[in-house]
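Colleague: Enclosed is the structure file run_26.tsv (TSV, C-alpha atoms).
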chain	number	residue	atom	x	y	z
R	8	MET	CA	-4.38	15.84	17.72
R	9	ARG	CA	-1.32	14.39	15.97
R	10	PRO	CA	-1.31	11.95	13.04
R	11	PHE	CA	0.46	8.67	13.77
R	12	TYR	CA	2.47	7.02	11.01
R	13	TYR	CA	5.92	5.54	10.46
R	14	GLY	CA	8.03	8.58	9.69
R	15	ALA	CA	11.01	6.44	8.68
R	16	THR	CA	8.95	5.03	5.80
R	17	THR	CA	8.85	7.31	2.78
R	18	ASN	CA	6.70	5.41	0.30
R	19	PHE	CA	3.94	7.65	-1.00
R	20	GLY	CA	1.04	5.84	0.71
R	21	ASP	CA	2.38	6.18	4.24
R	22	HIS	CA	3.76	9.64	3.49
R	23	MET	CA	0.25	10.92	2.69
R	24	ASN	CA	-0.32	11.35	6.43
R	25	SER	CA	2.32	14.08	6.58
R	26	TRP	CA	0.36	16.46	4.33
R	27	LEU	CA	-3.23	15.13	3.97
R	28	TRP	CA	-4.36	15.79	7.53
R	29	PRO	CA	-2.78	19.27	7.82
R	30	GLU	CA	-4.78	20.23	4.72
R	31	LEU	CA	-8.04	18.66	5.90
R	32	ILE	CA	-8.12	19.36	9.64
R	33	PRO	CA	-5.58	22.12	10.43
R	34	ASP	CA	-7.60	23.41	13.39
R	35	LEU	CA	-7.72	20.02	15.08
R	36	LEU	CA	-4.00	19.48	14.60
R	37	ALA	CA	-3.27	22.88	16.13
R	38	ARG	CA	-4.94	21.95	19.41
R	39	GLU	CA	-2.79	21.12	22.42
R	40	ASP	CA	-3.79	17.58	23.38
R	41	ASP	CA	-2.38	14.05	23.32
R	42	ILE	CA	-4.91	12.53	20.87
R	43	ARG	CA	-3.34	10.43	18.11
R	44	LEU	CA	-5.04	10.18	14.71
R	45	ILE	CA	-4.53	6.76	13.09
R	46	GLY	CA	-5.08	7.48	9.39
R	47	VAL	CA	-3.87	6.28	6.00
R	48	GLY	CA	-2.04	2.96	5.95
R	49	SER	CA	-2.09	-0.51	7.48
R	50	LEU	CA	-1.53	0.84	10.98
R	51	LEU	CA	-3.87	-1.20	13.15
R	52	SER	CA	-1.95	-3.64	15.34
R	53	ARG	CA	-1.81	-4.83	18.93
R	54	ASN	CA	1.28	-2.67	19.39
R	55	LEU	CA	-0.74	0.49	18.80
R	56	ASP	CA	-1.43	0.87	22.51
R	57	LEU	CA	2.30	1.38	23.02
R	58	VAL	CA	1.73	4.77	21.39
R	59	ALA	CA	0.74	7.18	24.15
R	60	GLY	CA	-2.59	8.98	24.05
R	61	PRO	CA	-6.21	8.33	23.08
R	62	LYS	CA	-6.67	6.94	19.55
R	63	VAL	CA	-8.96	8.18	16.78
R	64	VAL	CA	-9.09	5.75	13.83
R	65	PHE	CA	-10.08	7.04	10.39
R	66	GLY	CA	-9.95	5.02	7.16
R	67	THR	CA	-7.19	2.77	8.46
R	68	GLY	CA	-6.59	-0.90	7.66
R	69	SER	CA	-5.10	-3.89	9.37
R	70	GLY	CA	-2.45	-6.03	7.77
R	71	TYR	CA	1.08	-5.77	9.10
R	72	SER	CA	1.92	-6.98	12.58
R	73	SER	CA	-0.73	-8.73	14.67
R	74	LEU	CA	-4.32	-7.54	14.73
R	75	PRO	CA	-5.65	-5.55	17.67
R	76	THR	CA	-8.06	-7.27	20.00
R	77	GLN	CA	-11.70	-6.29	20.06
R	78	ASP	CA	-11.18	-4.96	23.60
R	79	GLN	CA	-8.46	-2.64	22.31
R	80	ALA	CA	-10.65	-1.39	19.48
R	81	ALA	CA	-13.53	-0.78	21.90
R	82	ALA	CA	-11.30	1.69	23.77
R	83	TRP	CA	-10.54	3.67	20.61
R	84	ASP	CA	-12.72	6.18	18.79
R	85	VAL	CA	-13.11	4.28	15.53
R	86	ARG	CA	-14.72	6.57	12.94
R	87	CYS	CA	-14.25	4.26	9.97
R	88	VAL	CA	-11.89	1.59	8.67
R	89	ARG	CA	-10.58	0.44	5.30
R	90	GLY	CA	-12.86	-2.52	4.73
R	91	PRO	CA	-15.26	-5.16	6.07
R	92	LEU	CA	-12.56	-7.64	7.10
R	93	THR	CA	-10.97	-5.12	9.44
R	94	ALA	CA	-14.41	-4.19	10.81
R	95	LYS	CA	-15.32	-7.83	11.41
R	96	HIS	CA	-12.08	-8.69	13.21
R	97	LEU	CA	-12.35	-5.62	15.43
R	98	GLY	CA	-16.00	-6.32	16.27
R	99	LEU	CA	-17.20	-3.11	14.62
R	100	ALA	CA	-20.57	-2.37	13.08
R	101	PRO	CA	-20.57	-3.08	9.30
R	102	GLU	CA	-21.23	0.60	8.51
R	103	LYS	CA	-17.80	1.46	9.98
R	104	ALA	CA	-16.25	-0.21	6.91
R	105	ILE	CA	-16.21	2.55	4.29
R	106	THR	CA	-12.97	2.42	2.30
R	107	ASP	CA	-9.37	3.59	2.52
R	108	GLY	CA	-8.98	7.12	3.88
R	109	ALA	CA	-6.69	8.05	0.98
R	110	TRP	CA	-9.85	8.83	-1.02
R	111	LEU	CA	-10.20	11.98	1.09
R	112	ILE	CA	-8.07	13.59	-1.62
R	113	ASN	CA	-11.47	14.36	-3.15
R	114	GLN	CA	-11.53	17.35	-0.77
R	115	ILE	CA	-8.26	18.77	-2.08
R	116	PRO	CA	-8.90	20.72	-5.32
R	117	ARG	CA	-5.55	20.00	-6.96
R	118	TYR	CA	-6.17	16.24	-6.63
R	119	ALA	CA	-9.96	16.00	-6.90
R	120	GLU	CA	-10.44	16.33	-10.66
R	121	ILE	CA	-10.42	13.26	-12.90
R	122	PRO	CA	-8.28	13.93	-16.01
R	123	THR	CA	-9.57	13.18	-19.48
R	124	ASP	CA	-6.18	13.07	-21.22
R	125	ARG	CA	-4.70	9.60	-20.83
R	126	SER	CA	-1.95	7.56	-22.44
R	127	GLY	CA	0.18	4.51	-21.81
R	128	THR	CA	0.56	1.97	-19.02
R	129	VAL	CA	2.26	2.57	-15.68
R	130	PHE	CA	3.83	0.06	-13.29
R	131	VAL	CA	3.78	0.75	-9.53
R	132	PRO	CA	5.62	-1.88	-7.46
R	133	HIS	CA	5.40	-2.39	-3.72
R	134	TRP	CA	8.03	-0.34	-1.90
R	135	SER	CA	10.01	-3.49	-1.02
R	136	THR	CA	9.98	-4.65	-4.65
R	137	ALA	CA	11.23	-1.21	-5.68
R	138	SER	CA	13.96	-1.35	-3.02
R	139	TYR	CA	15.29	-4.79	-3.85
R	140	GLY	CA	14.52	-4.94	-7.56
R	141	ASN	CA	15.91	-3.43	-10.75
R	142	TRP	CA	12.93	-2.45	-12.91
R	143	GLY	CA	14.14	0.47	-15.01
R	144	GLN	CA	15.38	-1.48	-18.05
R	145	ILE	CA	12.44	-3.90	-17.99
R	146	CYS	CA	9.89	-1.07	-17.96
R	147	ALA	CA	11.68	0.85	-20.70
R	148	GLN	CA	11.82	-2.20	-22.97
R	149	SER	CA	8.20	-3.15	-22.15
R	150	ASP	CA	6.81	0.33	-22.96
R	151	LEU	CA	5.83	0.87	-19.32
R	152	THR	CA	6.23	4.03	-17.30
R	153	TYR	CA	7.94	3.06	-14.07
R	154	VAL	CA	6.40	4.84	-11.07
R	155	ASP	CA	8.71	4.87	-8.06
R	156	PRO	CA	6.62	4.34	-4.88
R	157	PHE	CA	9.13	6.51	-3.03
R	158	ALA	CA	8.42	9.49	-5.30
R	159	ASP	CA	6.37	12.43	-4.05
R	160	CYS	CA	2.58	12.18	-4.19
R	161	ASP	CA	2.24	14.77	-6.96
R	162	THR	CA	4.37	12.59	-9.22
R	163	VAL	CA	2.66	9.30	-8.32
R	164	PHE	CA	-0.88	10.68	-8.46
R	165	GLY	CA	-0.23	12.41	-11.78
R	166	ALA	CA	1.17	9.28	-13.38
R	167	LEU	CA	-1.76	7.14	-12.22
R	168	ALA	CA	-4.40	9.73	-13.11
R	169	HIS	CA	-3.17	10.18	-16.69
R	170	ALA	CA	-2.56	6.50	-17.49
R	171	GLU	CA	-4.83	4.32	-19.59
R	172	LEU	CA	-3.90	1.28	-17.49
R	173	ALA	CA	-2.01	0.69	-14.23
R	174	ILE	CA	-0.18	-2.50	-13.30
R	175	VAL	CA	0.07	-2.30	-9.53
R	176	GLU	CA	1.72	-4.19	-6.73
R	177	SER	CA	1.39	-1.25	-4.35
R	178	LEU	CA	-2.01	-1.29	-2.62
R	179	HIS	CA	-2.17	2.49	-2.58
R	180	GLY	CA	-1.22	2.43	-6.25
R	181	ALA	CA	-4.47	0.55	-6.85
R	182	ILE	CA	-6.40	2.79	-4.45
R	183	ILE	CA	-5.30	5.98	-6.21
R	184	ALA	CA	-5.76	4.45	-9.69
R	185	ASP	CA	-9.31	3.46	-8.82
R	186	PHE	CA	-10.05	6.94	-7.48
R	187	TYR	CA	-8.98	8.43	-10.83
R	188	ARG	CA	-10.97	5.80	-12.81
R	189	THR	CA	-7.81	4.23	-14.21
R	190	PRO	CA	-8.30	0.47	-14.74
R	191	TRP	CA	-5.71	-1.56	-12.83
R	192	ILE	CA	-4.27	-5.06	-12.85
R	193	PRO	CA	-2.78	-6.38	-9.59
R	194	VAL	CA	0.49	-8.30	-9.45
R	195	ALA	CA	2.31	-9.73	-6.44
R	196	SER	CA	5.84	-10.84	-5.67
R	197	PRO	CA	6.17	-14.02	-3.62
R	198	LYS	CA	6.52	-13.39	0.13
R	199	ARG	CA	6.14	-9.60	-0.17
R	200	ILE	CA	2.42	-8.96	-0.49
R	201	LEU	CA	-0.24	-9.48	2.16
R	202	LYS	CA	-3.40	-10.70	0.45
R	203	TYR	CA	-5.59	-9.97	3.47
R	204	LYS	CA	-5.28	-6.19	3.24
R	205	TRP	CA	-6.01	-6.29	-0.50
R	206	LEU	CA	-9.13	-8.41	0.10
R	207	ASP	CA	-10.22	-5.98	2.81
R	208	TRP	CA	-10.03	-2.94	0.55
R	209	CYS	CA	-11.43	-4.67	-2.55
R	210	GLN	CA	-14.44	-5.88	-0.61
R	211	SER	CA	-15.15	-2.31	0.49
R	212	LEU	CA	-15.82	-1.55	-3.19
R	213	GLY	CA	-17.53	-4.80	-4.15
R	214	LEU	CA	-14.46	-5.96	-6.08
R	215	GLU	CA	-12.75	-9.33	-6.28
R	216	TYR	CA	-8.97	-9.60	-5.98
R	217	HIS	CA	-7.29	-11.58	-8.77
R	218	PRO	CA	-3.52	-10.91	-8.75
R	219	TYR	CA	-0.86	-12.37	-11.04
R	220	LEU	CA	2.57	-13.57	-10.00
R	221	LEU	CA	5.24	-10.91	-10.56
R	222	PRO	CA	8.59	-12.54	-11.42
R	223	PRO	CA	11.79	-11.11	-9.90
R	224	SER	CA	13.40	-8.29	-11.87
R	225	ASP	CA	16.85	-9.82	-12.40
R	226	TYR	CA	19.32	-12.46	-11.22
R	227	VAL	CA	20.11	-10.72	-7.94
R	228	ASP	CA	16.41	-10.23	-7.22
R	229	HIS	CA	15.95	-13.99	-7.68
R	230	LEU	CA	18.64	-14.58	-5.07
R	231	LEU	CA	17.14	-12.07	-2.65
R	232	GLN	CA	13.69	-13.65	-2.91
R	233	GLY	CA	15.05	-17.17	-2.60
R	234	GLU	CA	13.29	-18.17	-5.79
R	235	LYS	CA	14.43	-20.84	-8.24
R	236	ARG	CA	15.90	-19.22	-11.33
R	237	GLN	CA	13.84	-20.36	-14.29
R	238	PRO	CA	12.62	-18.81	-17.54
R	239	VAL	CA	9.66	-16.48	-17.16
R	240	SER	CA	6.49	-17.71	-18.81
R	241	PRO	CA	4.93	-15.20	-21.22
R	242	THR	CA	1.59	-16.23	-19.69
R	243	PRO	CA	1.26	-14.55	-16.27
R	244	GLU	CA	0.40	-17.03	-13.54
R	245	PRO	CA	-2.79	-16.30	-11.55
R	246	ILE	CA	-2.40	-16.37	-7.77
R	247	PRO	CA	-5.35	-18.03	-6.02
R	248	VAL	CA	-6.74	-15.90	-3.19
R	249	PRO	CA	-9.52	-17.66	-1.24
R	250	LEU	CA	-11.95	-15.32	0.48
R	251	ASP	CA	-10.88	-16.71	3.87
R	252	THR	CA	-7.20	-15.87	3.26
R	253	PHE	CA	-5.63	-14.64	6.50
R	254	ASP	CA	-1.89	-14.03	6.13
R	255	VAL	CA	-1.58	-11.63	9.07
R	256	LEU	CA	0.86	-12.40	11.86
R	257	GLN	CA	-0.66	-13.39	15.18
R	258	THR	CA	1.34	-12.89	18.36
R	259	ALA	CA	0.71	-12.57	22.07
R	260	PRO	CA	-0.82	-9.26	23.21
R	261	ALA	CA	1.63	-6.38	23.37
R	262	PRO	CA	2.75	-5.09	26.78
R	263	ARG	CA	0.77	-2.18	28.15
R	264	LYS	CA	3.87	0.02	28.29
R	265	PRO	CA	6.93	0.11	25.98
R	266	GLY	CA	9.52	-1.69	28.10
R	267	LEU	CA	13.26	-1.90	27.56
R	268	THR	CA	12.97	-4.90	25.21
R	269	TYR	CA	10.55	-3.07	22.93
R	270	LYS	CA	12.68	0.09	22.85
R	271	ALA	CA	15.81	-1.96	22.11
R	272	ARG	CA	14.02	-3.70	19.25
R	273	MET	CA	12.98	-0.37	17.72
R	274	GLN	CA	16.55	0.94	17.96
R	275	ALA	CA	17.89	-2.24	16.36
R	276	LYS	CA	15.46	-1.83	13.47
R	277	THR	CA	16.78	1.66	12.82
R	278	VAL	CA	20.36	0.39	12.71
R	279	LEU	CA	19.42	-2.54	10.46
R	280	ARG	CA	17.52	-0.23	8.11
R	281	LYS	CA	20.63	1.89	7.61
R	282	GLY	CA	22.74	-1.21	7.00
R	283	ARG	CA	20.22	-2.49	4.47
R	284	THR	CA	20.43	0.78	2.55
R	285	VAL	CA	24.21	0.50	2.29
R	286	ALA	CA	23.95	-3.14	1.16
R	287	LEU	CA	21.37	-2.32	-1.50
R	288	GLU	CA	23.54	0.47	-2.88
R	289	ALA	CA	26.39	-2.01	-3.23
R	290	LEU	CA	24.09	-4.50	-4.96
R	291	ALA	CA	22.87	-1.84	-7.37
R	292	ARG	CA	26.43	-1.21	-8.51
R	293	GLY	CA	27.10	-4.87	-9.24
R	294	ARG	CA	23.79	-6.45	-10.27
R	295	ASN	CA	24.32	-6.03	-14.01
R	296	THR	CA	28.04	-6.74	-14.15
R	297	ALA	CA	29.66	-9.51	-16.20
R	298	PRO	CA	28.54	-12.52	-14.09
R	299	PHE	CA	24.85	-11.58	-14.48
R	300	ARG	CA	24.63	-9.49	-17.66
R	301	SER	CA	23.75	-12.16	-20.22
R	302	TRP	CA	21.18	-13.85	-17.96
R	303	ASN	CA	19.58	-10.47	-17.19
R	304	ALA	CA	19.33	-9.61	-20.89
R	305	ARG	CA	17.45	-12.83	-21.66
R	306	HIS	CA	15.27	-12.32	-18.61
R	307	THR	CA	14.38	-8.77	-19.68
R	308	ASP	CA	13.23	-10.07	-23.08
R	309	ARG	CA	10.99	-12.60	-21.36
R	310	MET	CA	9.61	-9.95	-19.01
R	311	GLN	CA	8.71	-7.83	-22.04
R	312	ALA	CA	6.56	-10.69	-23.35
R	313	TYR	CA	5.08	-11.18	-19.88
R	314	PHE	CA	3.98	-7.54	-19.60
R	315	GLU	CA	2.66	-7.44	-23.17
R	316	THR	CA	0.39	-10.39	-22.35
R	317	LEU	CA	-0.62	-8.91	-19.00
R	318	LYS	CA	-1.71	-5.64	-20.61
R	319	GLY	CA	-4.38	-7.56	-22.51
R	320	TYR	CA	-6.00	-9.09	-19.41
R	321	LYS	CA	-9.25	-7.83	-17.92
R	322	PRO	CA	-8.49	-5.08	-15.38
R	323	HIS	CA	-10.16	-4.21	-12.09
R	324	LEU	CA	-12.20	-1.03	-11.53
R	325	SER	CA	-14.98	-0.23	-9.09
R	326	GLY	CA	-18.34	1.07	-10.31
R	327	ASP	CA	-18.91	4.82	-10.53
R	328	ALA	CA	-21.92	4.64	-8.20
R	329	ILE	CA	-20.10	2.82	-5.37
R	330	ARG	CA	-17.16	5.20	-5.74
R	331	THR	CA	-19.48	8.17	-5.27
R	332	THR	CA	-21.16	6.51	-2.29
R	333	ARG	CA	-17.88	5.73	-0.54
R	334	ILE	CA	-16.54	9.26	-1.07
R	335	ASP	CA	-19.75	10.75	0.31
R	336	GLN	CA	-19.49	8.47	3.36
R	337	LEU	CA	-15.86	9.44	3.97
R	338	ASN	CA	-16.74	13.12	3.69
R	339	ALA	CA	-19.64	12.73	6.12
R	340	ALA	CA	-17.46	10.82	8.61
R	341	LEU	CA	-14.78	13.52	8.42
R	342	ASP	CA	-17.32	16.31	8.94
R	343	LEU	CA	-18.69	14.52	11.99
R	344	MET	CA	-15.19	14.01	13.42
R	345	LYS	CA	-14.40	17.69	12.96
R	346	GLN	CA	-17.67	18.65	14.62
R	347	ASP	CA	-17.12	16.31	17.58
R	348	TYR	CA	-13.54	17.43	18.23
R	349	SER	CA	-13.95	21.13	17.49
Just give me the structure as structure tokens.

Modeller:
Amino acid sequence: MRPFYYGATTNFGDHMNSWLWPELIPDLLAREDDIRLIGVGSLLSRNLDLVAGPKVVFGTGSGYSSLPTQDQAAAWDVRCVRGPLTAKHLGLAPEKAITDGAWLINQIPRYAEIPTDRSGTVFVPHWSTASYGNWGQICAQSDLTYVDPFADCDTVFGALAHAELAIVESLHGAIIADFYRTPWIPVASPKRILKYKWLDWCQSLGLEYHPYLLPPSDYVDHLLQGEKRQPVSPTPEPIPVPLDTFDVLQTAPAPRKPGLTYKARMQAKTVLRKGRTVALEALARGRNTAPFRSWNARHTDRMQAYFETLKGYKPHLSGDAIRTTRIDQLNAALDLMKQDYS
């Protein structure tokens, strides 16, 4: 059995697959077979059948790319999924919707304990917001601890566990904050956040999803997002999220085998990713130079007021009883998977 995830992505949520499963199921991973474990992340898509081997799905969500068909899901061994929306779209029994598999950290002693010493507010952006934005000065001036979503899990988990409040754009930032009983307030940049996957996970815990608009970090970030440059309101703007929100791409079914077009597209993405990194490094060197400096300074002052107001809003947090229930269900599902594949 081998975990499937996007190795080129190094944000902490996706990267959990590289160490979580070896700690939880080392014997299953040591077996010589072609089974692929689809674990933490938004990994369920129609393209998943292009990955060779039988599929075992555990605690995974849908969101990016197009959703799998119900016929595809019927051919997989689906142990549990992130939430009821994923279960419904895949034609699964409601009890298959437990919660995100990241909560299996309850089985790892160094992560399982809930700290009692807490202080301050942390800010965890989505990985794309971290890549294209410039949040260091804003967080420092706003008395926020900036948590880089590309940092290692020890760093991210520790920051979230010891905070009094978390402002999160990263879904797994919210998932880990909720695990550690840290109240959290969701924010979202325009065009970067999929509401569907947030609704899916929130509904697994009986929560509503009420995000606030996250303004761009500076002048260059405005340009990159294609947003009109205007003063930031000190009153954060609520983003309406109807319960029937469905912002997932829908495309024709994927080919049964990865043909030349698919392979060429994957290679092109690798090249483009490297070019993007070079371009972002160049932007980082020039984004606070003379043409932008005065505008950025005024913007940072306004963002300080924005975050101060946001800190006073009612946060999200699941109930202790439902947290315990979901963890027990994840543990039971994992035990059964280990038993069935041992």

Colleague: Distance table requested - region 177-216 of chain R against region 146-159 of chain R, cut-off 10 Å, all atoms listed in the file: one row per qualifying residue with the closest atom pair and its distance in Å to one decimal, ordered by chain and rising residue number, as JSON lines.

Modeller:
{"residue": "R:Ser177", "atom": "CA", "partner": "R:Pro156", "partner_atom": "CA", "distance": 7.7}
{"residue": "R:His179", "atom": "CA", "partner": "R:Pro156", "partner_atom": "CA", "distance": 9.3}
{"residue": "R:Gly180", "atom": "CA", "partner": "R:Pro156", "partner_atom": "CA", "distance": 8.2}

Colleague: Using all atoms listed in the file, find the one residue out of R:Ala170, R:Leu55, R:Ile183, R:Cys87 that sits nearest to Thr123 (chain R).

Modeller: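 Among the listed residues, the smallest separation from Thr123 (chain R) belongs to R:Ala170.
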
Colleague: For Pro298 (chain R), which residue among R:Val227, R:Met310, R:Leu92, R:Val255 is the nearest when counting all atoms listed in the file?

Modeller: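 Comparing R:Val227, R:Met310, R:Leu92, R:Val255 against Pro298 (chain R), the winner is R:Val227.
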
Colleague: Looking at R:Lys103, R:Pro61, R:Trp28, R:Ser69, which one is nearest to Ala340 (chain R), with distances taken over all atoms listed in the file?

Modeller: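 For Ala340 (chain R), the nearest of the given residues is R:Lys103.
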
Colleague: Select, from R:His133, R:His169, R:Ser49, R:Gly68, the residue with the minimum atom-to-atom distance to Ser211 (chain R), counting only C-alpha atoms.

Modeller: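 Selected residue with least distance to Ser211 (chain R): R:Gly68.
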
Colleague: Can you list, as a ChimeraX atom specification, every protein, DNA or RNA residue that comes within 10 Å of Glu39 (chain R) when you count only C-alpha atoms, leaving out same-chain residues fewer than 3 positions away?

Modeller: /R:8-9,35-36,42

Colleague: What gap, in Å, lies between CA of Leu324 (chain R) and CA of Ala168 (chain R)?

Modeller: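 About the pair CA of Leu324 (chain R) and CA of Ala168 (chain R): they are 13.4 Å apart.
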
Colleague: Can you pull out every residue within 12 Å of Trp26 (chain R), counting all atoms listed in the file, but drop anything in the same chain fewer than 2 positions away, and send it as an NGL selection string?

Modeller: :R and (9-10 or 12 or 19-24 or 28-33 or 36 or 46-47 or 109 or 111-112 or 115 or 159-161)

Colleague: Measuring atom to atom with all atoms listed in the file, identify which of R:Ala166, R:Ile192, R:Ile45, R:Ala297 is nearest to Asp124 (chain R).

Modeller: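 Result for the nearest residue to Asp124 (chain R): R:Ala166.
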
Colleague: For Asp342 (chain R), which of R:Gly60, R:Gln77, R:Asp107, R:Gln114 is the closest residue, counting all atoms listed in the file?

Modeller: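 The shortest atom-to-atom distance to Asp342 (chain R) comes from R:Gln114.
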
Colleague: N, CA, C and O atoms for region 22-40 of chain R, written as a PDB file, in the coordinates of the input, could you do that?

Modeller:
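Result saved to selection_16.pdb:
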ATOM      1  N   HIS R  22       3.368   8.231   3.411  1.00  0.00           N
ATOM      2  CA  HIS R  22       3.760   9.640   3.490  1.00  0.00           C
ATOM      3  C   HIS R  22       2.561  10.567   3.340  1.00  0.00           C
ATOM      4  O   HIS R  22       2.648  11.750   3.700  1.00  0.00           O
ATOM      5  N   MET R  23       1.439  10.077   2.826  1.00  0.00           N
ATOM      6  CA  MET R  23       0.250  10.920   2.690  1.00  0.00           C
ATOM      7  C   MET R  23      -0.149  11.548   4.018  1.00  0.00           C
ATOM      8  O   MET R  23      -0.673  12.672   4.061  1.00  0.00           O
ATOM      9  N   ASN R  24       0.082  10.830   5.127  1.00  0.00           N
ATOM     10  CA  ASN R  24      -0.320  11.350   6.430  1.00  0.00           C
ATOM     11  C   ASN R  24       0.376  12.659   6.787  1.00  0.00           C
ATOM     12  O   ASN R  24      -0.160  13.454   7.554  1.00  0.00           O
ATOM     13  N   SER R  25       1.555  12.883   6.219  1.00  0.00           N
ATOM     14  CA  SER R  25       2.320  14.080   6.580  1.00  0.00           C
ATOM     15  C   SER R  25       1.733  15.356   6.004  1.00  0.00           C
ATOM     16  O   SER R  25       1.981  16.442   6.530  1.00  0.00           O
ATOM     17  N   TRP R  26       0.925  15.254   4.925  1.00  0.00           N
ATOM     18  CA  TRP R  26       0.360  16.460   4.330  1.00  0.00           C
ATOM     19  C   TRP R  26      -1.168  16.430   4.205  1.00  0.00           C
ATOM     20  O   TRP R  26      -1.813  17.478   4.167  1.00  0.00           O
ATOM     21  N   LEU R  27      -1.774  15.217   4.160  1.00  0.00           N
ATOM     22  CA  LEU R  27      -3.230  15.130   3.970  1.00  0.00           C
ATOM     23  C   LEU R  27      -3.979  15.737   5.151  1.00  0.00           C
ATOM     24  O   LEU R  27      -4.868  16.582   4.975  1.00  0.00           O
ATOM     25  N   TRP R  28      -3.639  15.319   6.360  1.00  0.00           N
ATOM     26  CA  TRP R  28      -4.360  15.790   7.530  1.00  0.00           C
ATOM     27  C   TRP R  28      -4.141  17.280   7.805  1.00  0.00           C
ATOM     28  O   TRP R  28      -5.110  17.978   8.165  1.00  0.00           O
ATOM     29  N   PRO R  29      -2.924  17.811   7.657  1.00  0.00           N
ATOM     30  CA  PRO R  29      -2.780  19.270   7.820  1.00  0.00           C
ATOM     31  C   PRO R  29      -3.641  20.076   6.849  1.00  0.00           C
ATOM     32  O   PRO R  29      -4.062  21.188   7.173  1.00  0.00           O
ATOM     33  N   GLU R  30      -3.915  19.515   5.666  1.00  0.00           N
ATOM     34  CA  GLU R  30      -4.780  20.230   4.720  1.00  0.00           C
ATOM     35  C   GLU R  30      -6.249  20.082   5.081  1.00  0.00           C
ATOM     36  O   GLU R  30      -7.051  20.998   4.843  1.00  0.00           O
ATOM     37  N   LEU R  31      -6.624  18.930   5.637  1.00  0.00           N
ATOM     38  CA  LEU R  31      -8.040  18.660   5.900  1.00  0.00           C
ATOM     39  C   LEU R  31      -8.507  19.166   7.261  1.00  0.00           C
ATOM     40  O   LEU R  31      -9.642  19.646   7.388  1.00  0.00           O
ATOM     41  N   ILE R  32      -7.677  19.020   8.282  1.00  0.00           N
ATOM     42  CA  ILE R  32      -8.120  19.360   9.640  1.00  0.00           C
ATOM     43  C   ILE R  32      -7.061  20.205  10.364  1.00  0.00           C
ATOM     44  O   ILE R  32      -6.622  19.852  11.463  1.00  0.00           O
ATOM     45  N   PRO R  33      -6.638  21.332   9.792  1.00  0.00           N
ATOM     46  CA  PRO R  33      -5.580  22.120  10.430  1.00  0.00           C
ATOM     47  C   PRO R  33      -5.938  22.592  11.830  1.00  0.00           C
ATOM     48  O   PRO R  33      -5.072  22.655  12.718  1.00  0.00           O
ATOM     49  N   ASP R  34      -7.206  22.919  12.074  1.00  0.00           N
ATOM     50  CA  ASP R  34      -7.600  23.410  13.390  1.00  0.00           C
ATOM     51  C   ASP R  34      -7.479  22.329  14.458  1.00  0.00           C
ATOM     52  O   ASP R  34      -7.048  22.611  15.590  1.00  0.00           O
ATOM     53  N   LEU R  35      -7.838  21.108  14.104  1.00  0.00           N
ATOM     54  CA  LEU R  35      -7.720  20.020  15.080  1.00  0.00           C
ATOM     55  C   LEU R  35      -6.265  19.703  15.381  1.00  0.00           C
ATOM     56  O   LEU R  35      -5.911  19.391  16.522  1.00  0.00           O
ATOM     57  N   LEU R  36      -5.421  19.784  14.382  1.00  0.00           N
ATOM     58  CA  LEU R  36      -4.000  19.480  14.600  1.00  0.00           C
ATOM     59  C   LEU R  36      -3.314  20.564  15.413  1.00  0.00           C
ATOM     60  O   LEU R  36      -2.274  20.316  16.041  1.00  0.00           O
ATOM     61  N   ALA R  37      -3.879  21.766  15.393  1.00  0.00           N
ATOM     62  CA  ALA R  37      -3.270  22.880  16.130  1.00  0.00           C
ATOM     63  C   ALA R  37      -3.591  22.832  17.617  1.00  0.00           C
ATOM     64  O   ALA R  37      -2.967  23.545  18.410  1.00  0.00           O
ATOM     65  N   ARG R  38      -4.545  22.012  18.007  1.00  0.00           N
ATOM     66  CA  ARG R  38      -4.940  21.950  19.410  1.00  0.00           C
ATOM     67  C   ARG R  38      -3.866  21.273  20.255  1.00  0.00           C
ATOM     68  O   ARG R  38      -3.173  20.361  19.809  1.00  0.00           O
ATOM     69  N   GLU R  39      -3.746  21.701  21.487  1.00  0.00           N
ATOM     70  CA  GLU R  39      -2.790  21.120  22.420  1.00  0.00           C
ATOM     71  C   GLU R  39      -3.467  19.972  23.170  1.00  0.00           C
ATOM     72  O   GLU R  39      -4.195  20.175  24.142  1.00  0.00           O
ATOM     73  N   ASP R  40      -3.277  18.759  22.689  1.00  0.00           N
ATOM     74  CA  ASP R  40      -3.790  17.580  23.380  1.00  0.00           C
ATOM     75  C   ASP R  40      -2.904  16.398  23.025  1.00  0.00           C
ATOM     76  O   ASP R  40      -1.941  16.527  22.266  1.00  0.00           O
TER      77      ASP R  40
END
